[in-house]
Every structure is written in C-alpha cells, then in structure tokens.
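Shown next, in structure tokens, is the structure this report addresses.
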Amino acid sequence: MTVDVNIPAFEATPLEDIAQIAATARSSFRSQKTKDVEWRLVQLRKLYWGLTDYTEKLQAALKKDLNKPPHDAILSEIHHLMQDLNLTLKKLKDWVKDDKDIDYPWTFAAMKPRIRKEPLGTVLVFGAYNVPLMLSLAPFIGAMAAGCTAVLKPSENAPATAMVMKEMVEKYLDPTSFFVVNGAIPESTALLNEKWAKIFYTGNSTVARIVSKKAAETLTPVTLELGGRNPSFVSKSADLALAARRLLWGKTLNAGQICLSQNYVLVQREVVQDFIKYLNATYQEFYPDGPQSSEDYARIINERQFDRIKKMLDTTKGKIVMGGETDRSDLYISPTVVLVDSIDDPMIAEESFGPVWSIMPYDTLDNAIDIANTVDPTPLALTTFGSKSENEKSELLLILALSF
C-alpha cells in the first residue's frame with residue numbers, strides 16, 4: 001500500500017462533548033443550509049472523494065478488524081458505497097421534487113394535493129461490526145441526501161474502521177452538520193439521551209429493544225435492520241453441486257458474519273448425503289490448503305463472538321459433516337456444517353452469525369416450510385434450490401407467513 005496506513009488506537013469521544021455535538025448538529029439543521037440541494041450534492045461528492053482517497057486506509061482498517069481481504073473490502077464495502085453515492089448524485093434532483101401523481105378524492109381537487117419531500121431534522125445512525133463501513137455510511141448517505149444533519153456511532157467492535165471513518169468524515173464533510181462519535185455503552189447511552197428526529201440502528205434484537213424503548217419516550221421514529229435465522233431449501237430437483245457452491249460461498253464471505261447468509265439448510269432426505277459430498281468437494285476446491293492459511297478467509301470479530309459460536313458447536317447433538325476446526329488465539333473458526341435432526345438443536349435454535357450452519361433433512365416441501373415458519377417466521381432472507389414450482393411455492397408460503 002502506498003499511503004500511510006498508520007491507524008490510531010481507538011479513542012472514545014469524551015462524554016461531556018456529546019450533548020454539544022448533538023446541539024451543534026441541530027443548530028446546523030435549523031440554519032436551513034441543508035435544505036439546499038446543491039449544498040447536499042457538494043457534501044455527497046466530498047464523501048465520494050473521501051472514500052476514494054481513503055480506500056487503502058479503509059482496506060487496512062478492515063483487515064485489522066476482521067482480517068477482511070482487500071478485494072472483499074472493495075466489493076462489499078467501499079464500492080457498494082460508491083454505487084450508492086453515484087446513484088444518489090444522479091437521482092437526487094428528481095427525488096426531491098414534489099410528488100403530484102397521487103390519488104385523492106375529487107373534493108380535494110381544488111387544493112391541488114401533493115407530497116412534499118422535507119428533511120426530518122438531525123438523525124442518529126448506529127453502525128454494525130460485521131460490515132462496519134458500509135452499514136455505517138449507507139444510512140448516513142441517505143440522511144445527507146434527505147437534507148438532514150447526522151451523527152454516526154460506529155460499532156466499537158470494529159475499532160480501526162471506526163477511527164478511520166471518524167478521520168475521513170471530519171476531514172471531508174461539513175464540520176457543523178456531520179459527526180462521528182466513538183465509544184461503547186456509555187457513549188451510546190449519552191447519545192440516546194439526546195432528542196433526535198430519527199434513529200437508524202443495525203444490529204441485534206437485544207440492543208434494538210433498548211433503542212426502541214428509549215426512542216418511544218420522545219416518539220422518535222426508528223428504523224431497525226436486524227438479523228434472523230435465515231432458512232434455505234434444497235430439494236432433490238436442485239443442481240446439488242451449484243447449491244453447495246453458492247451456500248458455502250455465502251458462509252465463507254466475511255467468515256459468515258453476514259446477516260443475509262443461511263442459518264440452516266433444509267435438504268430433502270434422499271439427497272442429504274450427496275449434498276454433503278458436494279459441500280466437502282467444494283470446500284477442498286475453495287481452500288486446498290485449509291481456510292486458516294488462506295489470505296481470503298476472514299476472522300471472527302472478537303473473543304466474545306468466537307466463544308458464542310464455539311458454544312453452539314460444543315453443545316450440538318448433531319454430527320459435524322464438514323469442517324469443525326477452531327483456534328481461539330487466531331479467532332478462527334472453519335466453515336462448518338452440522339447434520340441435525342431437531343429444530344431445538346442449538347445449531348438451529350440460535351442465530352450463528354458466523355461460518356457455521358446446520359443441515360436438517362425433510363420429507364416434503366410442506367413439511368420444510370412448516371419447519372421454517374416454526375423456527376423463525378420473520379427471517380431476513382430466504383434461498384431456495386429446486387424446481388421452479390418448488391421455489392415459487394416455498395417463497396409464496398413464507399411471504400404469506402410474513403404478511404400482516
């Protein structure tokens with residue numbers, strides 16, 4: 001790398017500064033400057049060039065936090081944000097226009113109803129540790145585009161990325177409108193004690209309840225992006241080799257610390273053993289010298305999450321049919337598959353959020369769908385590998401279960 005990749009040690013924002021940061025952001029919003037679309041576009045362009053100039057430093061930070069390979073940092077984080085920015089820069093002037101193409105009773109015709117796009121105010125964004133750059137800055141970009149001022153609280157579990165983001169934001173963006181607050185529970189608590197126009201939180205349901213409860217005290221709207229025990233279906237009609245390859249890739253990207261990856265796979269009983277053979281063959285193709293020695297395989301974020309995932313493997317009553325190796329000193333857990341026979345097994349009952357997942361045999365598709373709806377009726381994602389009619393049926397019945 002050709003740039004200085006010296007990343008400062010993690011430093012929390014002083015608690016006594018947080019109230020003033022929030023007040024400054026609110027004052028900046030009240031000044032009306034963020035309502036100017038051209039001003040917003042300038043800020044968005046500055047962030048684009050900030051990401052461009054900081055690409056190598058961000059890659060180094062992500063490598064330090066997660067052992068994330070440089071190409072993965074580009075694919076799943078930096079380029080993702082640049083695409084968001086390019087789209088926003090292209091479309092913003094259209095997005096902010098009044099929407100006049102709306103339905104209303106003819107009695108209101110003389111009033112010429114329309115929907116006006118007005119910024120809410122000052123927003124608070126909580127980032128996540130697994131994709132610490134993209135999941136922090138993507139909602140931040142949305143706030144900027146909408147004409148809001150914003151305060152970002154990155155995850156303290158990805159400290160290097162948090163420090164680089166803070167440095168970049170302070171260097172490139174308006175210093176009275178956009179802020180990064182670093183820290184852990186005390187800093188998050190201090191932020192939640194402030195009044196916000198909206199809160200955006202990405203993470204787990206436990207913290208989401210805390211955020212929502214606090215927001216409810218002031219009727220603050222909240223957007224929650226949470227995980228889930230995502231199912232996958234593999235029927236005897238599927239291309240088993242393709243299904244194995246795609247599902248294994250989904251659990252090796254970022255060492256499985258991806259909220260959209262499968263938590264368990266329901267496989268039609270008569271093809272379970274063949275599917276396992278394809279998985280192991282793909283495993284050897286992906287990592288001929290083993291994942292631990294591969295430069296392309298990430299690590300678990302910290303010891304707490306390592307111990308949580310390891311406990312699932314230690315307490316399962318199932319049989320490990322692929323992988324199973326762990327090394328706490330290296331925060332390494334190999335891609336691991338466990339064959340289970342009960343939805344009460346820890347491998348299904350808990351969200352792994354890591355490179356481990358389970359296989360559970362099923363007899364009929366209706367039986368598989370019932371299992372999925374029993375385990376978690378509101379998963380974040382669903383993947384299906386079967387015939388067209390099987391895929392459509394499983395998707396439809398799960399959608400019906402999710403309807404409200």
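By order of appearance in the structure tokens: chains A, B, ..., then residues from 1 within every chain, and ligands from 1 in the order shown.
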Notebook entry, point to check: What lies within 12 Å of Ser28 (chain A) using only C-alpha atoms, ignoring chain neighbours under 4 positions off, as a PyMOL selection string?
Noted result: chain A and resi 21-24+32-35+121-122+147-150+174-179
Next item on the list: Could you find all residues in region 124-273 of chain A that DSSP calls alpha helix (DSSP H) from the backbone, and write them as a ChimeraX atom specification?
Entry: /A:134-146,159-172,185-192,205-216,240-252,272-273
Margin query: as a list in words, please: the residues near Val271 (chain A) (cut-off 12 Å, only C-alpha atoms, same-chain neighbours under 2 positions excluded).
Written below: Val234, Ser235, Lys236, Ser237, Ala238, Asp239, Leu240, Ala241, Leu266, Val267, Gln268, Arg269, Gln273, Asp274, Phe275, Ile276, Lys277, Tyr278, Ile359, Met360, Pro361, Tyr362 and Asp363 of chain A
Checklist line | Backbone-only DSSP, strand (DSSP E) members of region 8-125 of chain A, as a ChimeraX atom specification | finding: /A:122-125
Write the residues of the selection above to a file with C-alpha atoms, as a PDB file, in the first residue's frame.
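File written: selection-v3.pdb
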```pdb
ATOM      1  CA  THR A 122     -30.965  15.664  12.965  1.00  0.00           C
ATOM      2  CA  VAL A 123     -30.652  11.874  12.824  1.00  0.00           C
ATOM      3  CA  LEU A 124     -28.625   9.310  14.742  1.00  0.00           C
ATOM      4  CA  VAL A 125     -27.101   6.307  12.954  1.00  0.00           C
TER       5      VAL A 125
END
```
Margin query: Applying 10 Å and only C-alpha atoms, which residues near region 181-189 of chain A remain after dropping the ones on its own chain fewer than 4 positions away? List them as a ChimeraX atom specification.
Written below: /A:10-18,21,126,151-157,159,162-163,165-166,193-194,210-211,214
Check: Could you pull the residues within 7 Å of Phe353 (chain A), counting only C-alpha atoms, minus those fewer than 3 positions along the same chain, as a PyMOL selection string?
Finding: chain A and resi 256-259
Writer output for current selection, N, CA, C and O atoms, as an mmCIF file, in the first residue's frame:
```cif
data_model
loop_
_atom_site.group_PDB
_atom_site.id
_atom_site.type_symbol
_atom_site.label_atom_id
_atom_site.label_comp_id
_atom_site.auth_asym_id
_atom_site.auth_seq_id
_atom_site.Cartn_x
_atom_site.Cartn_y
_atom_site.Cartn_z
ATOM 1 N N GLY A 256 -18.812 -15.727 7.314
ATOM 2 C CA GLY A 256 -20.208 -15.966 7.657
ATOM 3 C C GLY A 256 -20.878 -14.865 8.451
ATOM 4 O O GLY A 256 -22.058 -14.979 8.793
ATOM 5 N N GLN A 257 -20.160 -13.797 8.731
ATOM 6 C CA GLN A 257 -20.731 -12.709 9.529
ATOM 7 C C GLN A 257 -21.498 -11.754 8.614
ATOM 8 O O GLN A 257 -21.176 -10.580 8.459
ATOM 9 N N ILE A 258 -22.513 -12.323 7.982
ATOM 10 C CA ILE A 258 -23.364 -11.620 7.030
ATOM 11 C C ILE A 258 -24.809 -11.930 7.403
ATOM 12 O O ILE A 258 -25.207 -13.099 7.460
ATOM 13 N N CYS A 259 -25.608 -10.916 7.620
ATOM 14 C CA CYS A 259 -26.973 -11.129 8.115
ATOM 15 C C CYS A 259 -27.864 -11.835 7.103
ATOM 16 O O CYS A 259 -28.904 -12.387 7.471
#
```
Note to self: Counting only C-alpha atoms, which residue out of A:Pro291, A:Pro355, A:Pro335, A:Pro346 sits closest to Met322 (chain A)?
What the structure shows: A:Pro335
Note to self: For Gly228 (chain A), find every residue with an atom within 6 Å (counting only C-alpha atoms), except residues of its own chain fewer than 2 positions away, and show them as JSON, numbers by chain.
What the structure shows: {"A": [230, 379, 380]}
